[in-house]
$ cat my_file.pdb   # PDB, C-alpha atoms
ATOM      1  CA  MET A  25       0.000   0.000   0.000
ATOM      2  CA  PHE A  26       2.869   2.351   0.816
ATOM      3  CA  ALA A  27       4.419   1.701  -2.608
ATOM      4  CA  TYR A  28       1.021   2.105  -4.312
ATOM      5  CA  PHE A  29       0.373   5.561  -2.884
ATOM      6  CA  LEU A  30       3.969   6.652  -3.477
ATOM      7  CA  ILE A  31       3.702   5.531  -7.110
ATOM      8  CA  GLY A  32       0.499   7.558  -7.508
ATOM      9  CA  LEU A  33       2.139  10.622  -5.996
ATOM     10  CA  GLY A  34       5.279  10.213  -8.103
ATOM     11  CA  GLY A  35       3.236   9.745 -11.274
ATOM     12  CA  ALA A  36       1.353  12.981 -10.587
ATOM     13  CA  VAL A  37       4.615  14.866 -10.032
ATOM     14  CA  VAL A  38       6.326  13.433 -13.141
ATOM     15  CA  GLY A  39       3.228  14.091 -15.243
ATOM     16  CA  ASP A  40       2.987  17.739 -14.142
ATOM     17  CA  LEU A  41       6.685  18.569 -14.583
ATOM     18  CA  PRO A  42       6.245  19.592 -18.277
ATOM     19  CA  ARG A  43       3.978  22.425 -17.114
ATOM     20  CA  ILE A  44       7.099  24.233 -15.899
ATOM     21  CA  GLU A  45       7.965  24.943 -19.531
ATOM     22  CA  SER A  46       5.741  27.076 -21.785
ATOM     23  CA  ARG A  47       4.120  25.438 -24.805
ATOM     24  CA  LEU A  48       5.556  26.319 -28.202
ATOM     25  CA  SER A  49       4.118  26.396 -31.710
ATOM     26  CA  SER A  50       5.665  26.986 -35.105
ATOM     27  CA  GLU A  51       3.956  30.412 -35.204
ATOM     28  CA  ASP A  52       6.229  31.551 -32.350
ATOM     29  CA  PHE A  53       9.246  31.355 -34.689
ATOM     30  CA  VAL A  54       7.731  32.792 -37.893
ATOM     31  CA  ASP A  55       9.015  36.116 -39.267
ATOM     32  CA  ARG A  56       5.683  37.847 -38.759
ATOM     33  CA  ALA A  57       6.453  40.893 -40.920
ATOM     34  CA  ALA A  58       7.630  38.781 -43.859
ATOM     35  CA  LYS A  59       4.700  36.378 -43.545
ATOM     36  CA  ASP A  60       2.134  39.205 -43.393
ATOM     37  CA  ARG A  61       3.705  40.910 -46.384
ATOM     38  CA  LEU A  62       3.760  37.723 -48.444
ATOM     39  CA  THR A  63       0.231  36.777 -47.391
ATOM     40  CA  GLN A  64      -1.090  40.185 -48.430
ATOM     41  CA  GLN A  65       0.831  39.953 -51.704
ATOM     42  CA  ILE A  66      -0.631  36.519 -52.446
ATOM     43  CA  LYS A  67      -4.121  37.779 -51.616
ATOM     44  CA  THR A  68      -3.701  40.755 -53.981
ATOM     45  CA  LEU A  69      -2.377  38.509 -56.740
ATOM     46  CA  GLU A  70      -5.296  36.121 -56.285
ATOM     47  CA  GLN A  71      -7.739  39.003 -56.640
ATOM     48  CA  GLU A  72      -5.899  40.242 -59.709
ATOM     49  CA  GLU A  73      -5.876  36.727 -61.136
ATOM     50  CA  THR A  74      -9.633  36.493 -60.676
ATOM     51  CA  ALA A  75     -10.176  39.853 -62.411
ATOM     52  CA  VAL A  76      -7.872  38.877 -65.308
ATOM     53  CA  ASN A  77      -9.697  35.569 -65.740
ATOM     54  CA  GLU A  78     -13.020  37.394 -65.923
ATOM     55  CA  ARG A  79     -11.589  39.826 -68.493
ATOM     56  CA  LEU A  80     -10.188  36.899 -70.468
ATOM     57  CA  GLU A  81     -13.606  35.255 -70.624
ATOM     58  CA  GLN A  82     -15.103  38.508 -71.976
ATOM     59  CA  ILE A  83     -12.365  38.844 -74.598
ATOM     60  CA  LYS A  84     -12.931  35.254 -75.682
ATOM     61  CA  LEU A  85     -16.625  36.010 -76.250
ATOM     62  CA  LEU A  86     -15.789  39.157 -78.226
ATOM     63  CA  LEU A  87     -13.222  37.240 -80.276
ATOM     64  CA  GLN A  88     -15.749  34.513 -80.957
ATOM     65  CA  THR A  89     -18.261  37.155 -82.134
ATOM     66  CA  ALA A  90     -15.662  38.904 -84.308
ATOM     67  CA  ARG A  91     -14.678  35.601 -85.929
ATOM     68  CA  ALA A  92     -18.302  34.762 -86.613
ATOM     69  CA  ASP A  93     -18.932  38.201 -88.175
ATOM     70  CA  HIS A  94     -15.798  37.957 -90.291
ATOM     71  CA  GLN A  95     -16.664  34.447 -91.430
ATOM     72  CA  SER A  96     -20.199  35.464 -92.372
ATOM     73  CA  ALA A  97     -18.982  38.559 -94.222
ATOM     74  CA  ARG A  98     -16.357  36.497 -96.022
ATOM     75  CA  GLN A  99     -18.943  34.009 -97.236
ATOM     76  CA  ALA A 100     -21.266  36.808 -98.389
ATOM     77  CA  PHE A 101     -18.394  38.589-100.144
ATOM     78  CA  ASP A 102     -17.273  35.420-101.924
ATOM     79  CA  ALA A 103     -20.811  34.816-103.133
ATOM     80  CA  TRP A 104     -21.161  38.410-104.328
ATOM     81  CA  VAL A 105     -17.770  38.297-106.118
ATOM     82  CA  THR A 106     -18.864  35.138-107.936
ATOM     83  CA  THR A 107     -22.027  36.881-109.079
ATOM     84  CA  ARG A 108     -19.995  39.952-110.099
ATOM     85  CA  GLN A 109     -17.696  37.883-112.252
ATOM     86  CA  ALA A 110     -20.679  36.248-113.936
ATOM     87  CA  THR A 111     -22.433  39.508-114.827
ATOM     88  CA  GLN A 112     -19.297  41.554-115.681
ATOM     89  CA  ARG A 113     -21.044  44.792-114.713
ATOM     90  CA  ALA A 114     -18.645  47.773-114.459
ATOM     91  CA  ASP A 115     -21.017  49.825-112.323
ATOM     92  CA  GLN A 116     -20.417  47.432-109.439
ATOM     93  CA  ASP A 117     -16.641  48.108-109.147
ATOM     94  CA  ARG A 118     -17.223  50.799-106.546
ATOM     95  CA  GLU A 119     -19.313  48.359-104.469
ATOM     96  CA  VAL A 120     -16.476  45.787-104.693
ATOM     97  CA  ILE A 121     -14.103  48.268-103.135
ATOM     98  CA  GLU A 122     -16.597  49.101-100.371
ATOM     99  CA  ARG A 123     -17.281  45.460 -99.585
ATOM    100  CA  THR A 124     -13.531  44.724 -99.560
ATOM    101  CA  THR A 125     -12.985  47.613 -97.142
ATOM    102  CA  GLN A 126     -15.726  46.344 -94.826
ATOM    103  CA  LEU A 127     -14.228  42.846 -94.930
ATOM    104  CA  GLU A 128     -10.800  44.205 -94.016
ATOM    105  CA  GLN A 129     -12.325  46.111 -91.100
ATOM    106  CA  LEU A 130     -13.939  42.937 -89.788
ATOM    107  CA  ARG A 131     -10.639  41.084 -90.157
ATOM    108  CA  LYS A 132      -8.827  43.869 -88.323
ATOM    109  CA  LYS A 133     -11.420  43.732 -85.527
ATOM    110  CA  GLU A 134     -10.833  39.986 -85.208
ATOM    111  CA  ARG A 135      -7.061  40.517 -85.114
ATOM    112  CA  ASP A 136      -7.482  43.231 -82.468
ATOM    113  CA  GLN A 137      -9.578  40.945 -80.265
ATOM    114  CA  LEU A 138      -7.035  38.154 -80.718
ATOM    115  CA  ALA A 139      -4.182  40.496 -79.755
ATOM    116  CA  ALA A 140      -6.172  41.647 -76.716
ATOM    117  CA  MET A 141      -6.722  38.038 -75.676
ATOM    118  CA  GLU A 142      -3.019  37.225 -76.038
ATOM    119  CA  ALA A 143      -2.139  40.291 -73.945
ATOM    120  CA  ILE A 144      -4.557  39.196 -71.206
ATOM    121  CA  GLU A 145      -3.193  35.625 -71.296
ATOM    122  CA  LYS A 146       0.316  37.038 -70.883
ATOM    123  CA  LYS A 147      -0.929  39.153 -67.989
ATOM    124  CA  LEU A 148      -2.514  36.062 -66.436
ATOM    125  CA  LEU A 149       0.746  34.139 -66.830
ATOM    126  CA  ASP A 150       2.714  36.956 -65.176
ATOM    127  CA  VAL A 151       0.258  37.011 -62.242
ATOM    128  CA  ALA A 152       0.462  33.207 -61.867
ATOM    129  CA  GLN A 153       4.282  33.317 -61.851
ATOM    130  CA  SER A 154       4.314  36.112 -59.281
ATOM    131  CA  LYS A 155       1.843  34.188 -57.156
ATOM    132  CA  ALA A 156       3.947  31.005 -57.355
ATOM    133  CA  GLN A 157       7.054  32.962 -56.390
ATOM    134  CA  ALA A 158       5.255  34.488 -53.397
ATOM    135  CA  ASN A 159       3.996  31.060 -52.332
ATOM    136  CA  ARG A 160       7.531  29.654 -52.500
ATOM    137  CA  ALA A 161       8.828  32.544 -50.409
ATOM    138  CA  LEU A 162       6.050  31.966 -47.855
ATOM    139  CA  ALA A 163       6.855  28.241 -47.778
ATOM    140  CA  ASP A 164      10.520  29.072 -47.114
ATOM    141  CA  VAL A 165       9.524  31.326 -44.207
ATOM    142  CA  GLU A 166       7.276  28.640 -42.720
ATOM    143  CA  GLU A 167       9.925  25.935 -43.249
ATOM    144  CA  ALA A 168      12.523  28.021 -41.404
ATOM    145  CA  ALA A 169      10.021  28.546 -38.580
ATOM    146  CA  ALA A 170       9.299  24.792 -38.456
ATOM    147  CA  ALA A 171      13.019  24.019 -38.142
ATOM    148  CA  GLN A 172      13.401  26.526 -35.299
ATOM    149  CA  PHE A 173      10.262  25.123 -33.644
ATOM    150  CA  GLU A 174      11.645  21.582 -33.794
ATOM    151  CA  SER A 175      14.925  22.730 -32.278
ATOM    152  CA  GLY A 176      13.100  24.622 -29.516
ATOM    153  CA  GLN A 177      10.833  21.641 -28.841
ATOM    154  CA  LYS A 178      13.844  19.333 -28.464
ATOM    155  CA  ALA A 179      15.420  21.797 -26.020
ATOM    156  CA  ILE A 180      12.199  21.831 -23.954
ATOM    157  CA  GLU A 181      12.012  18.021 -23.991
ATOM    158  CA  LEU A 182      15.622  17.832 -22.803
ATOM    159  CA  ARG A 183      14.978  20.297 -19.956
ATOM    160  CA  VAL A 184      11.828  18.434 -18.905
ATOM    161  CA  PHE A 185      13.789  15.179 -18.932
ATOM    162  CA  ILE A 186      16.455  16.792 -16.742
ATOM    163  CA  TYR A 187      13.695  17.866 -14.308
ATOM    164  CA  ARG A 188      12.364  14.315 -14.214
ATOM    165  CA  LEU A 189      15.858  12.891 -13.837
ATOM    166  CA  ALA A 190      16.562  15.298 -10.972
ATOM    167  CA  PHE A 191      13.384  14.030  -9.311
ATOM    168  CA  VAL A 192      14.007  10.305  -9.863
ATOM    169  CA  LEU A 193      17.766   9.982  -9.242
ATOM    170  CA  PRO A 194      17.618  11.047  -5.571
ATOM    171  CA  LEU A 195      14.849   8.479  -5.085
ATOM    172  CA  LEU A 196      17.112   5.805  -6.553
ATOM    173  CA  GLY A 197      19.953   6.914  -4.287
ATOM    174  CA  VAL A 198      17.738   6.751  -1.195
ATOM    175  CA  SER A 199      16.360   3.344  -2.212
ATOM    176  CA  ILE A 200      19.900   1.975  -2.700
ATOM    177  CA  TYR A 201      20.898   3.268   0.738
ATOM    178  CA  LEU A 202      17.786   1.746   2.337
ATOM    179  CA  PHE A 203      18.403  -1.562   0.561
ATOM    180  CA  VAL A 204      21.990  -1.723   1.776
ATOM    181  CA  LYS A 205      21.433  -0.530   5.350
ATOM    182  CA  HIS A 206      17.833  -1.105   6.402
ATOM    183  CA  ARG A 207      16.253  -3.883   4.348
ATOM    184  CA  ARG A 208      16.347  -6.334   7.291
ATOM    185  CA  GLN A 209      15.425  -4.012  10.118
ATOM    186  CA  THR A 210      12.123  -3.598  11.950
ATOM    187  CA  TYR A 211      10.403  -1.420   9.363
ATOM    188  CA  TRP A 212      11.551  -3.415   6.351
ATOM    189  CA  PRO A 213       8.065  -3.337   4.650
ATOM    190  CA  PHE A 214       8.322   0.451   4.295
ATOM    191  CA  VAL A 215      11.881   0.079   3.003
ATOM    192  CA  TRP A 216      10.817  -2.361   0.292
ATOM    193  CA  GLY A 217       7.757  -0.231  -0.492
ATOM    194  CA  PHE A 218      10.021   2.745  -1.146
ATOM    195  CA  ILE A 219      12.388   0.563  -3.215
ATOM    196  CA  PHE A 220       9.478  -0.644  -5.371
ATOM    197  CA  PHE A 221       8.322   2.951  -5.787
ATOM    198  CA  SER A 222      11.744   4.247  -6.876
ATOM    199  CA  GLY A 223      12.199   1.350  -9.312
ATOM    200  CA  PHE A 224       8.780   2.014 -10.828
ATOM    201  CA  ALA A 225       9.516   5.744 -11.051
ATOM    202  CA  PHE A 226      12.713   5.066 -13.006
ATOM    203  CA  PHE A 227      11.774   2.190 -15.303
ATOM    204  CA  VAL A 228       8.118   3.088 -15.962
ATOM    205  CA  GLU A 229       7.761   6.842 -15.458
ATOM    206  CA  LEU A 230      11.209   8.049 -16.582
ATOM    207  CA  VAL A 231      12.525   5.610 -19.203
ATOM    208  CA  PRO A 232       9.709   6.265 -21.773
ATOM    209  CA  TYR A 233      10.682   9.961 -21.775
ATOM    210  CA  LEU A 234      14.369   9.373 -22.426
ATOM    211  CA  PRO A 235      15.286  11.601 -25.402
ATOM    212  CA  SER A 236      17.307  10.022 -28.186
ATOM    213  CA  TYR A 237      19.785  12.697 -29.292
ATOM    214  CA  GLY A 238      21.909  10.175 -31.145
ATOM    215  CA  GLY A 239      21.378   7.823 -28.199
ATOM    216  CA  TYR A 240      23.843   9.714 -26.005
ATOM    217  CA  VAL A 241      21.496  10.465 -23.125
ATOM    218  CA  ARG A 242      19.894   7.015 -23.177
ATOM    219  CA  TYR A 243      23.175   5.121 -23.279
ATOM    220  CA  THR A 244      24.876   7.440 -20.766
ATOM    221  CA  VAL A 245      22.112   6.776 -18.253
ATOM    222  CA  GLY A 246      22.347   3.056 -19.017
ATOM    223  CA  VAL A 247      26.129   3.057 -18.485
ATOM    224  CA  VAL A 248      25.842   4.912 -15.153
ATOM    225  CA  VAL A 249      23.086   2.621 -13.867
ATOM    226  CA  THR A 250      24.981  -0.463 -15.029
ATOM    227  CA  LEU A 251      28.191   0.689 -13.335
ATOM    228  CA  VAL A 252      26.455   1.426 -10.035
ATOM    229  CA  ALA A 253      24.362  -1.741  -9.980
ATOM    230  CA  GLY A 254      27.201  -3.876 -11.321
ATOM    231  CA  ARG A 255      29.677  -2.566  -8.754
ATOM    232  CA  TYR A 256      27.252  -3.340  -5.946
ATOM    233  CA  ALA A 257      26.475  -6.798  -7.357
ATOM    234  CA  ILE A 258      30.154  -7.674  -7.778
ATOM    235  CA  ALA A 259      31.004  -6.422  -4.274
ATOM    236  CA  ALA A 260      28.079  -8.362  -2.799
ATOM    237  CA  LEU A 261      29.160 -11.509  -4.649
ATOM    238  CA  GLN A 262      32.726 -11.150  -3.402
ATOM    239  CA  ARG A 263      31.514 -10.618   0.160
ATOM    240  CA  TYR A 264      29.294 -13.677  -0.142
ATOM    241  CA  ILE A 265      32.162 -15.827  -1.436
ATOM    242  CA  GLU A 266      34.436 -14.651   1.387
ATOM    243  CA  GLN A 267      31.722 -15.322   3.959
ATOM    244  CA  GLN A 268      31.208 -18.813   2.579
ATOM    245  CA  ARG A 269      34.935 -19.504   2.744
ATOM    246  CA  ALA A 270      35.121 -18.199   6.297
ATOM    247  CA  LEU A 271      32.102 -20.257   7.316
ATOM    248  CA  GLU A 272      33.648 -23.451   5.956
ATOM    249  CA  HIS A 273      36.615 -22.967   8.304
ATOM    250  CA  GLN A 274      34.484 -22.433  11.409
ATOM    251  CA  PRO A 275      33.546 -25.236  13.773
ATOM    252  CA  ASP A 276      30.378 -27.100  12.929
ATOM    253  CA  ALA A 277      28.561 -25.959  16.086
ATOM    254  CA  GLN A 278      29.424 -22.312  15.436
ATOM    255  CA  ARG A 279      28.169 -22.488  11.851
ATOM    256  CA  LYS A 280      24.877 -24.004  12.927
ATOM    257  CA  HIS A 281      24.510 -21.411  15.667
ATOM    258  CA  ASP A 282      25.107 -18.447  13.340
ATOM    259  CA  MET A 283      22.908 -19.724  10.512
ATOM    260  CA  ASP A 284      19.377 -18.436  10.065
ATOM    261  CA  TYR A 285      16.924 -21.111  11.159
ATOM    262  CA  ASP A 286      14.228 -20.544   8.533
ATOM    263  CA  LEU A 287      16.796 -20.187   5.741
ATOM    264  CA  ALA A 288      18.470 -23.453   6.723
ATOM    265  CA  LEU A 289      15.161 -25.373   6.679
ATOM    266  CA  THR A 290      14.245 -23.848   3.311
ATOM    267  CA  ARG A 291      17.552 -24.873   1.739
ATOM    268  CA  ILE A 292      17.370 -28.408   3.153
ATOM    269  CA  GLY A 293      13.845 -28.707   1.784
ATOM    270  CA  LYS A 294      15.226 -27.827  -1.658
ATOM    271  CA  GLY A 295      17.883 -30.552  -1.383
ATOM    272  CA  ILE A 296      20.875 -28.230  -0.972
ATOM    273  CA  CYS A 297      23.337 -27.689   1.862
ATOM    274  CA  PRO A 298      22.232 -24.862   4.170
ATOM    275  CA  SER A 299      25.834 -23.617   4.399
ATOM    276  CA  CYS A 300      27.476 -23.933   0.961
ATOM    277  CA  GLU A 301      24.265 -24.395  -1.065
ATOM    278  CA  ARG A 302      25.612 -27.422  -2.943
ATOM    279  CA  PRO A 303      23.392 -30.459  -3.645
ATOM    280  CA  ILE A 304      22.922 -33.084  -0.909
ATOM    281  CA  THR A 305      20.941 -36.311  -0.712
ATOM    282  CA  ALA A 306      18.514 -35.695   2.136
ATOM    283  CA  ALA A 307      17.495 -39.365   2.364
ATOM    284  CA  THR A 308      20.978 -40.714   3.124
ATOM    285  CA  ASP A 309      23.493 -37.917   3.764
ATOM    286  CA  ASN A 310      23.968 -36.761   7.358
ATOM    287  CA  PHE A 311      26.886 -34.469   6.499
ATOM    288  CA  CYS A 312      27.526 -32.239   3.483
ATOM    289  CA  GLN A 313      30.266 -33.863   1.410
ATOM    290  CA  HIS A 314      31.420 -30.416   0.230
ATOM    291  CA  CYS A 315      31.765 -28.322   3.410
ATOM    292  CA  GLY A 316      31.404 -30.973   6.133
ATOM    293  CA  ILE A 317      28.536 -29.358   8.072
ATOM    294  CA  GLU A 318      26.149 -31.725   9.878
ATOM    295  CA  VAL A 319      22.753 -31.606   8.205
ATOM    296  CA  PHE A 320      20.974 -34.523   9.959
ATOM    297  CA  ASP A 321      21.554 -35.962  13.434
ATOM    298  CA  ALA A 322      19.770 -38.171  15.974
ATOM    299  CA  CYS A 323      17.428 -36.985  18.689
ATOM    300  CA  PRO A 324      19.201 -37.313  22.060
ATOM    301  CA  ALA A 325      15.965 -38.510  23.615
ATOM    302  CA  CYS A 326      14.523 -41.057  21.186
ATOM    303  CA  GLY A 327      17.288 -41.486  18.617
ATOM    304  CA  THR A 328      15.095 -40.556  15.656
ATOM    305  CA  ARG A 329      16.917 -39.081  12.652
ATOM    306  CA  LYS A 330      16.043 -35.429  12.342
ATOM    307  CA  ILE A 331      17.308 -32.161  10.827
ATOM    308  CA  ALA A 332      20.290 -30.979  12.825
ATOM    309  CA  PHE A 333      18.980 -27.401  12.844
ATOM    310  CA  SER A 334      15.596 -28.346  14.348
ATOM    311  CA  LYS A 335      15.010 -26.997  17.825
ATOM    312  CA  PHE A 336      12.695 -29.843  18.807
ATOM    313  CA  CYS A 337      12.366 -33.469  17.764
ATOM    314  CA  PHE A 338       9.392 -34.017  15.500
ATOM    315  CA  HIS A 339       8.935 -37.565  16.955
ATOM    316  CA  CYS A 340       9.073 -37.097  20.709
ATOM    317  CA  GLY A 341       8.970 -33.313  21.100
ATOM    318  CA  GLN A 342      12.134 -33.261  23.227
ATOM    319  CA  LYS A 343      14.248 -30.094  22.939
ATOM    320  CA  ALA A 344      17.225 -30.857  20.770
ATOM    321  CA  ASP A 345      19.934 -29.573  23.149
ATOM    322  CA  LYS A 346      18.626 -31.292  26.283
ATOM    323  CA  ALA A 347      19.381 -34.736  27.618
ATOM    324  CA  PRO A 348      16.509 -37.250  27.846
ATOM    325  CA  THR A 349      14.271 -36.860  30.883
ATOM    326  CA  GLU A 350      13.167 -39.754  33.091
ATOM    327  CA  PRO A 351       9.435 -40.407  33.026
ATOM    328  CA  ALA A 352       7.602 -39.632  36.256
ATOM    329  CA  SER A 353       6.878 -42.560  38.580
TER     330      SER A 353
END
$ encode --input "my_file.pdb" --output "structure tokens"
Amino acid sequence: MFAYFLIGLGGAVVGDLPRIESRLSSEDFVDRAAKDRLTQQIKTLEQEETAVNERLEQIKLLLQTARADHQSARQAFDAWVTTRQATQRADQDREVIERTTQLEQLRKKERDQLAAMEAIEKKLLDVAQSKAQANRALADVEEAAAAQFESGQKAIELRVFIYRLAFVLPLLGVSIYLFVKHRRQTYWPFVWGFIFFSGFAFFVELVPYLPSYGGYVRYTVGVVVTLVAGRYAIAALQRYIEQQRALEHQPDAQRKHDMDYDLALTRIGKGICPSCERPITAATDNFCQHCGIEVFDACPACGTRKIAFSKFCFHCGQKADKAPTEPAS
């Protein structure tokens, strides 16, 4: 329960740590003056493009009308010229000149409309190119802002991770101290509860937020943790080996006296020596063939074979270190 409530409290603290930093957006890094200028320019060009398109549609209608008029006049003139050649009337020469002049005027009107349409199409092309150029410039401004935003966001993530690391590392240090010094004392449940909490805070609440700037932060933390834990594990293993060697040179009675009762029974139940933890045959072996400690002996009262570490005989109930008592008369 202690670990549960500590984990809840730690999770709330780790979750709220990012609130220390202000939230960023790409708009915070945009050149506002340049963006406003380009946006207004694009808006003006779009309006101009719309007006030019409308003018182009009108010119196309006028050109279509001029072409139709010219075509109709041309057909009428060709028909009239054919009739003129058939009749060979000299009084119609003046009318030929007038009709030819009218036809040339219609052709000129068609050419004028066509030239106007080409000029408007060129104007439309110029507006489209200017608009594309402005859009590219605006995209460059926004891309530069996005790059600065990404850099700023990474800096915030790194600072938030440092805050979380500064919160979790002292917890790990305290838990290591408690594990080394107080894990077997009276209030050991609170010690282990705090150890569980600090381990959860590191591996569950901190590790997912490890930034990956080329892996340097992640692997640096891993190296430090490995060195600390590995140094402790190696030192503990060496101390254990030395203790086992020292125990093997102590008298049998002293070893049995110093050994933890529950631990000895647990190891014997697993078929291993309670002192050196090597395999023994519980059915036949009274002494460990590796370290020489007595594992099974006989009850001094009834002679039943029993575990040498037992405080009472399971058969007669006599205390193991007392001589047999005479029954009452």
$ atom_distance --input "my_file.pdb" --atom1 "CA of Ala325 in chain A" --atom2 "CA of Asn310 in chain A"
18.2 Å
$ resolve_selection --input "my_file.pdb" --expression "the PyMOL selection byres ((chain A and resi 31) around 10)" --output "ChimeraX atom specification"
/A:25-30,32-37,217-218,220-225,229
$ resolve_selection --input "my_file.pdb" --expression "the PyMOL selection byres ((chain A and resi 195-204) around 10)" --output "mmCIF file with C-alpha atoms, keeping the file's coordinate frame"
data_model
loop_
_atom_site.group_PDB
_atom_site.id
_atom_site.type_symbol
_atom_site.label_atom_id
_atom_site.label_comp_id
_atom_site.auth_asym_id
_atom_site.auth_seq_id
_atom_site.Cartn_x
_atom_site.Cartn_y
_atom_site.Cartn_z
ATOM 1 C CA LEU A 189 15.858 12.891 -13.837
ATOM 2 C CA ALA A 190 16.562 15.298 -10.972
ATOM 3 C CA PHE A 191 13.384 14.030 -9.311
ATOM 4 C CA VAL A 192 14.007 10.305 -9.863
ATOM 5 C CA LEU A 193 17.766 9.982 -9.242
ATOM 6 C CA PRO A 194 17.618 11.047 -5.571
ATOM 7 C CA LYS A 205 21.433 -0.530 5.350
ATOM 8 C CA HIS A 206 17.833 -1.105 6.402
ATOM 9 C CA ARG A 207 16.253 -3.883 4.348
ATOM 10 C CA ARG A 208 16.347 -6.334 7.291
ATOM 11 C CA GLN A 209 15.425 -4.012 10.118
ATOM 12 C CA TRP A 212 11.551 -3.415 6.351
ATOM 13 C CA PHE A 214 8.322 0.451 4.295
ATOM 14 C CA VAL A 215 11.881 0.079 3.003
ATOM 15 C CA TRP A 216 10.817 -2.361 0.292
ATOM 16 C CA GLY A 217 7.757 -0.231 -0.492
ATOM 17 C CA PHE A 218 10.021 2.745 -1.146
ATOM 18 C CA ILE A 219 12.388 0.563 -3.215
ATOM 19 C CA PHE A 220 9.478 -0.644 -5.371
ATOM 20 C CA PHE A 221 8.322 2.951 -5.787
ATOM 21 C CA SER A 222 11.744 4.247 -6.876
ATOM 22 C CA GLY A 223 12.199 1.350 -9.312
ATOM 23 C CA ALA A 225 9.516 5.744 -11.051
ATOM 24 C CA PHE A 226 12.713 5.066 -13.006
ATOM 25 C CA VAL A 249 23.086 2.621 -13.867
ATOM 26 C CA VAL A 252 26.455 1.426 -10.035
ATOM 27 C CA ALA A 253 24.362 -1.741 -9.980
ATOM 28 C CA TYR A 256 27.252 -3.340 -5.946
#
$ closest_residue --input "my_file.pdb" --among "A:Asp150, A:Glu181, A:Glu72, A:Glu142" --to "Arg43 in chain A" --atoms "only C-alpha atoms"
A:Glu181
$ resolve_selection --input "my_file.pdb" --expression "the PyMOL selection byres ((chain A and resi 160-171) around 9)" --output "PyMOL selection string"
chain A and resi 49-55+58-59+62-63+155-159+172-176
$ axis_aligned_box --input "my_file.pdb" --around "range 155-167 of chain A" --padding-each-side "5 Å" --output "JSON"
{"center_x": 6.2, "center_y": 30.2, "center_z": -50.0, "size_x": 18.7, "size_y": 18.6, "size_z": 24.6}
$ closest_residue --input "my_file.pdb" --among "A:Cys312, A:Leu289, A:Ile317, A:Leu85" --to "Ile331 in chain A" --atoms "all atoms listed in the file"
A:Leu289
$ residues_around --input "my_file.pdb" --residues "Lys147 in chain A" --least-positions-apart "3" --cutoff "10 Å" --atoms "only C-alpha atoms" --output "ChimeraX atom specification"
/A:72-73,76-77,80,141-144,150-153
$ write_last_selection --input "my_file.pdb" --atoms "C-alpha atoms" --output "CSV table (one decimal), in the coordinates of the input"
chain,number,residue,atom,x,y,z
A,72,GLU,CA,-5.9,40.2,-59.7
A,73,GLU,CA,-5.9,36.7,-61.1
A,76,VAL,CA,-7.9,38.9,-65.3
A,77,ASN,CA,-9.7,35.6,-65.7
A,80,LEU,CA,-10.2,36.9,-70.5
A,141,MET,CA,-6.7,38.0,-75.7
A,142,GLU,CA,-3.0,37.2,-76.0
A,143,ALA,CA,-2.1,40.3,-73.9
A,144,ILE,CA,-4.6,39.2,-71.2
A,150,ASP,CA,2.7,37.0,-65.2
A,151,VAL,CA,0.3,37.0,-62.2
A,152,ALA,CA,0.5,33.2,-61.9
A,153,GLN,CA,4.3,33.3,-61.9
$ atom_distance --input "my_file.pdb" --atom1 "CA of Ala344 in chain A" --atom2 "CA of Asp286 in chain A"
16.3 Å
